[in-house]
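Everything on this sheet refers to the single structure shown next.
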Amino acid sequence: MIYAYPCELAPDEDGSLIALFPDVPEAITGGKDRTEALTMAEDALVTALAGYVHAQWEIPTPSQPATGQELVAVPTVVAAHLALYSTMRA
């Protein structure tokens with residue numbers, strides 16, 4: 001499985017952007033601009049998915065991105081760990 005999840009960037013009251021993941025609702029972050037928000041989104045996604053592993057929950061399957069959503073992928077080494085974890089759960 002490819003661990004790339006759709007991410008919504010929404011404006012915050014202070015002009016920054018909030019990053020939300022419909023498939024991983026625990027991953028919420030933000031940044032002052034698009035670049036920072038997406039960088040922080042990757043970190044939030046990795047952290048939330050690590051929480052799934054710690055809680056022994058199933059890793060959510062990424063949905064198809066909707067119009068206007070960004071795809072955020074976890075780093076390759078994290079994807080390998082998640083794949084191993086998912087295989088062990090099965």
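Just remember, in the structure tokens the first chain shown is A, the second B, etc., residues are 1-based per chain, and ligands are 1-based in the order shown.
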
Name all residues at most 12 Å from Thr67 in chain A (count only C-alpha atoms; drop same-chain ones fewer than 6 positions away) and give them as a count of residues only.
4

DSSP helix (DSSP H, G or I) residues within range 14-84 of chain A, as number ranges by chain
A: 34-54, 76-84

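As for CA of Thr29 in chain A and CA of Ala44 in chain A, they are spaced 6.4 Å apart.
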
Among chain A, which ones does DSSP place in strand (DSSP E or B), written as an mmCIF file with C-alpha atoms, in the first residue's frame?
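File written: part.cif
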data_model
loop_
_atom_site.group_PDB
_atom_site.id
_atom_site.type_symbol
_atom_site.label_atom_id
_atom_site.label_comp_id
_atom_site.auth_asym_id
_atom_site.auth_seq_id
_atom_site.Cartn_x
_atom_site.Cartn_y
_atom_site.Cartn_z
ATOM 1 C CA ALA A 4 -0.242 8.969 0.816
ATOM 2 C CA TYR A 5 -3.316 10.618 2.284
ATOM 3 C CA PRO A 6 -5.505 13.468 1.030
ATOM 4 C CA CYS A 7 -4.986 16.654 3.008
ATOM 5 C CA GLU A 8 -7.276 19.668 3.134
ATOM 6 C CA LEU A 9 -5.723 23.094 3.657
ATOM 7 C CA ALA A 10 -8.181 25.543 5.160
ATOM 8 C CA PRO A 11 -7.582 29.186 6.074
ATOM 9 C CA LEU A 17 -3.495 27.490 7.034
ATOM 10 C CA ILE A 18 -4.856 24.491 8.907
ATOM 11 C CA ALA A 19 -4.048 21.023 7.531
ATOM 12 C CA LEU A 20 -6.650 18.287 8.074
ATOM 13 C CA ILE A 28 -4.279 18.185 12.547
ATOM 14 C CA THR A 29 -1.672 20.898 12.182
ATOM 15 C CA GLY A 30 -1.036 24.154 10.390
ATOM 16 C CA GLY A 31 1.479 26.616 9.102
ATOM 17 C CA GLU A 70 -3.144 17.749 -1.564
ATOM 18 C CA LEU A 71 -1.609 14.288 -1.264
ATOM 19 C CA VAL A 72 0.773 13.959 1.662
ATOM 20 C CA ALA A 73 2.912 10.828 1.829
#

Rank A:Ile2, A:Ala66, A:Ala37, A:Val24 by their smallest atom-to-atom distance to Leu82 in chain A, using only C-alpha atoms, and report the top residue only.
A:Ile2

For Val53 in chain A, which residue out of A:Met40, A:Ala83, A:Met1, A:Pro22 is the nearest one, using only C-alpha atoms?
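The closest residue to Val53 in chain A is A:Ala83.
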
Just the number, please: distance in Å from CA of Glu58 in chain A to CA of Ser86 in chain A, one decimal.
7.2 Å

Pick the closest to Asp33 in chain A from A:Leu45, A:Ala50, A:Asp12, A:Val74: which is it, counting only C-alpha atoms?
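The closest residue to Asp33 in chain A is A:Asp12.
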
Between CA of Lys32 in chain A and CA of Val77 in chain A, what is the spacing in Å?
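One can read the CA of Val77 in chain A to CA of Lys32 in chain A distance as 27.6 Å.
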
With distances taken over only C-alpha atoms, which of A:Ile59, A:Leu49, A:Tyr3, A:Asp14 is nearest to Pro75 in chain A?
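When distances to Pro75 in chain A are compared using only C-alpha atoms, the smallest one comes from A:Tyr3.
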